[in-house]
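> Below are the structure tokens for one structure; questions will follow.
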Amino acid sequence: MKPTTTPPMHRESALIESTDLYIEDHGILTFFVTLNFGGAMQGFGGVSLSVHDEKKRRHVGTAAGMDFVLRVLQLFGVCRLSEIVGRECIALREHAMGTIIGLENVESGKQLLVSSWSREWFAPEVVASA
């Protein structure tokens, strides 16, 4: 079996402008980290933290969604999301100007890649369609 290799990533320094936890227009609890690239802004995350439960007839939180928020907190070594606002980080992309696929803590070098997190929580066919 061939070893798994990570393709080279485009790295760009950014400041964390804000974090947002909100219910979007379909009722899904959603999480974003907004990055500032010297005036140009782009979001990271967009992770759904809830799913619709037919029996309860409402949205309920998911373990996967909460794990993603926890992983962001752990990446920066903080206890509150508000503590990452204003921090420098590295946005990781497959190519320049592409979707942000991960974040890197500039102090520790630790990374959070959406693809790695997704593989831990979802079946391969779900990850492939994301």
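Residue numbering restarts at 1 for every chain of the structure tokens, chains are lettered A, B, ... in their displayed order, and ligands are numbered from 1 as they appear.
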Using backbone DSSP assignments, extract all helix (DSSP H, G or I) residues from chain A; output them as a count of residues only.
32
> Determine, counting only C-alpha atoms, which protein, DNA and RNA residues have an atom within 12 Å of an atom of range 110-121 of chain A; residues of the same chain fewer than 2 positions away are not included. Present the result as a ChimeraX atom specification.
/A:4,6,9,11,44-48,62-77,89-94,99-108,123-130
> Could you write those residues out with N, CA and C atoms, as a short mmCIF file (atom, residue, chain, number, x, y, z; two decimals), in the first residue's frame?

```
data_model
loop_
_atom_site.label_atom_id
_atom_site.label_comp_id
_atom_site.auth_asym_id
_atom_site.auth_seq_id
_atom_site.Cartn_x
_atom_site.Cartn_y
_atom_site.Cartn_z
N THR A 4 0.05 7.57 2.32
CA THR A 4 -0.79 8.72 2.01
C THR A 4 0.06 9.97 2.07
N THR A 6 0.10 14.28 1.55
CA THR A 6 -0.72 15.48 1.48
C THR A 6 -0.22 16.33 0.34
N MET A 9 0.17 22.70 -0.26
CA MET A 9 -0.89 23.66 -0.01
C MET A 9 -0.38 25.08 -0.16
N ARG A 11 -0.24 28.62 1.34
CA ARG A 11 -0.30 29.14 2.70
C ARG A 11 -0.36 30.66 2.66
N PHE A 44 -13.90 30.58 6.99
CA PHE A 44 -13.44 29.20 7.12
C PHE A 44 -14.45 28.45 7.98
N GLY A 45 -14.76 27.26 7.61
CA GLY A 45 -15.67 26.44 8.40
C GLY A 45 -16.94 26.20 7.64
N GLY A 46 -17.96 26.97 8.00
CA GLY A 46 -19.27 26.74 7.39
C GLY A 46 -19.79 25.37 7.77
N VAL A 47 -19.35 24.90 8.92
CA VAL A 47 -19.69 23.55 9.36
C VAL A 47 -21.06 23.55 10.01
N SER A 48 -21.89 22.59 9.61
CA SER A 48 -23.21 22.43 10.20
C SER A 48 -23.06 21.75 11.56
N THR A 62 -25.10 18.15 16.82
CA THR A 62 -24.38 16.93 16.47
C THR A 62 -23.05 16.87 17.20
N ALA A 63 -22.62 15.65 17.48
CA ALA A 63 -21.30 15.45 18.10
C ALA A 63 -20.20 15.91 17.14
N ALA A 64 -20.36 15.63 15.86
CA ALA A 64 -19.34 16.03 14.88
C ALA A 64 -19.18 17.55 14.86
N GLY A 65 -20.29 18.26 14.88
CA GLY A 65 -20.24 19.72 14.86
C GLY A 65 -19.57 20.28 16.10
N MET A 66 -19.91 19.74 17.24
CA MET A 66 -19.28 20.21 18.47
C MET A 66 -17.80 19.86 18.50
N ASP A 67 -17.44 18.72 17.92
CA ASP A 67 -16.03 18.35 17.85
C ASP A 67 -15.25 19.35 16.99
N PHE A 68 -15.87 19.84 15.92
CA PHE A 68 -15.18 20.82 15.07
C PHE A 68 -14.88 22.10 15.86
N VAL A 69 -15.86 22.58 16.61
CA VAL A 69 -15.65 23.78 17.42
C VAL A 69 -14.55 23.51 18.46
N LEU A 70 -14.61 22.35 19.09
CA LEU A 70 -13.59 21.98 20.06
C LEU A 70 -12.21 21.93 19.43
N ARG A 71 -12.12 21.40 18.21
CA ARG A 71 -10.82 21.33 17.51
C ARG A 71 -10.26 22.71 17.21
N VAL A 72 -11.13 23.68 16.90
CA VAL A 72 -10.66 25.06 16.68
C VAL A 72 -10.12 25.62 17.99
N LEU A 73 -10.84 25.41 19.09
CA LEU A 73 -10.37 25.88 20.39
C LEU A 73 -9.01 25.25 20.73
N GLN A 74 -8.89 23.95 20.52
CA GLN A 74 -7.64 23.24 20.82
C GLN A 74 -6.51 23.69 19.91
N LEU A 75 -6.81 23.97 18.66
CA LEU A 75 -5.78 24.43 17.72
C LEU A 75 -5.07 25.66 18.25
N PHE A 76 -5.84 26.57 18.84
CA PHE A 76 -5.26 27.81 19.34
C PHE A 76 -4.99 27.79 20.84
N GLY A 77 -5.29 26.67 21.51
CA GLY A 77 -5.01 26.55 22.93
C GLY A 77 -5.79 27.52 23.79
N CYS A 89 -2.96 33.66 12.02
CA CYS A 89 -2.97 32.25 11.66
C CYS A 89 -2.55 32.12 10.20
N ILE A 90 -2.40 30.89 9.77
CA ILE A 90 -2.11 30.61 8.37
C ILE A 90 -3.34 29.92 7.78
N ALA A 91 -3.88 30.51 6.72
CA ALA A 91 -4.97 29.87 5.98
C ALA A 91 -4.34 28.90 4.99
N LEU A 92 -4.86 27.70 4.96
CA LEU A 92 -4.36 26.66 4.06
C LEU A 92 -5.38 26.45 2.95
N ARG A 93 -4.90 26.47 1.71
CA ARG A 93 -5.76 26.30 0.54
C ARG A 93 -5.10 25.31 -0.42
N GLU A 94 -5.89 24.70 -1.26
CA GLU A 94 -5.33 23.83 -2.29
C GLU A 94 -4.57 24.65 -3.32
N THR A 99 -10.78 27.86 -1.85
CA THR A 99 -11.46 27.64 -0.58
C THR A 99 -10.43 27.36 0.51
N ILE A 100 -10.66 27.89 1.68
CA ILE A 100 -9.78 27.60 2.81
C ILE A 100 -10.11 26.20 3.31
N ILE A 101 -9.12 25.31 3.26
CA ILE A 101 -9.33 23.92 3.64
C ILE A 101 -8.77 23.59 5.02
N GLY A 102 -8.12 24.58 5.63
CA GLY A 102 -7.58 24.35 6.97
C GLY A 102 -6.96 25.60 7.53
N LEU A 103 -6.65 25.52 8.82
CA LEU A 103 -5.96 26.60 9.51
C LEU A 103 -4.73 26.04 10.20
N GLU A 104 -3.73 26.90 10.35
CA GLU A 104 -2.52 26.53 11.07
C GLU A 104 -2.25 27.59 12.13
N ASN A 105 -1.90 27.14 13.32
CA ASN A 105 -1.50 28.02 14.40
C ASN A 105 -0.05 28.42 14.13
N VAL A 106 0.23 29.72 14.00
CA VAL A 106 1.58 30.17 13.66
C VAL A 106 2.57 29.91 14.79
N GLU A 107 2.09 29.85 16.03
CA GLU A 107 2.98 29.64 17.16
C GLU A 107 3.38 28.18 17.33
N SER A 108 2.42 27.27 17.17
CA SER A 108 2.69 25.84 17.42
C SER A 108 2.94 25.03 16.16
N ALA A 123 -18.72 8.78 6.69
CA ALA A 123 -18.42 7.68 5.78
C ALA A 123 -17.69 8.23 4.54
N PRO A 124 -16.84 7.40 3.91
CA PRO A 124 -16.07 7.90 2.76
C PRO A 124 -16.90 8.53 1.65
N GLU A 125 -18.08 7.98 1.38
CA GLU A 125 -18.91 8.54 0.30
C GLU A 125 -19.44 9.93 0.67
N VAL A 126 -19.64 10.21 1.94
CA VAL A 126 -20.09 11.51 2.38
C VAL A 126 -18.95 12.52 2.23
N VAL A 127 -17.75 12.12 2.64
CA VAL A 127 -16.57 12.99 2.55
C VAL A 127 -16.27 13.31 1.08
N ALA A 128 -16.38 12.34 0.21
CA ALA A 128 -16.09 12.54 -1.21
C ALA A 128 -17.05 13.52 -1.86
N SER A 129 -18.29 13.57 -1.38
CA SER A 129 -19.28 14.47 -1.99
C SER A 129 -19.22 15.88 -1.41
N ALA A 130 -18.45 16.08 -0.36
CA ALA A 130 -18.39 17.41 0.28
C ALA A 130 -17.57 18.38 -0.53
#
```
> Mind dumping a table of every range 64-83 of chain A residue within 10 Å of range 16-27 of chain A, with the nearest atom pair and its distance in Å to one decimal, using only C-alpha atoms, sorted by chain and rising number, as JSON lines?

```
{"residue": "A:Val69", "atom": "CA", "partner": "A:Leu21", "partner_atom": "CA", "distance": 9.7}
{"residue": "A:Leu81", "atom": "CA", "partner": "A:Thr19", "partner_atom": "CA", "distance": 6.8}
{"residue": "A:Ser82", "atom": "CA", "partner": "A:Thr19", "partner_atom": "CA", "distance": 7.3}
{"residue": "A:Glu83", "atom": "CA", "partner": "A:Thr19", "partner_atom": "CA", "distance": 9.9}
```
> Using only C-alpha atoms, can you tell me which of A:Cys79, A:Ser50, A:Ala14, A:His95 comes closest to Phe31 in chain A?
A:Ser50
> Could you tell me how far CA of Glu88 in chain A sits from CA of Ile28 in chain A, in Å to one decimal place?
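Taking CA of Ile28 in chain A and CA of Glu88 in chain A, their separation equals 28.8 Å.
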> Which one is closest to Leu49 in chain A: A:Phe37, A:Thr30, A:Gly86, A:Phe122? Count only C-alpha atoms.
A:Thr30
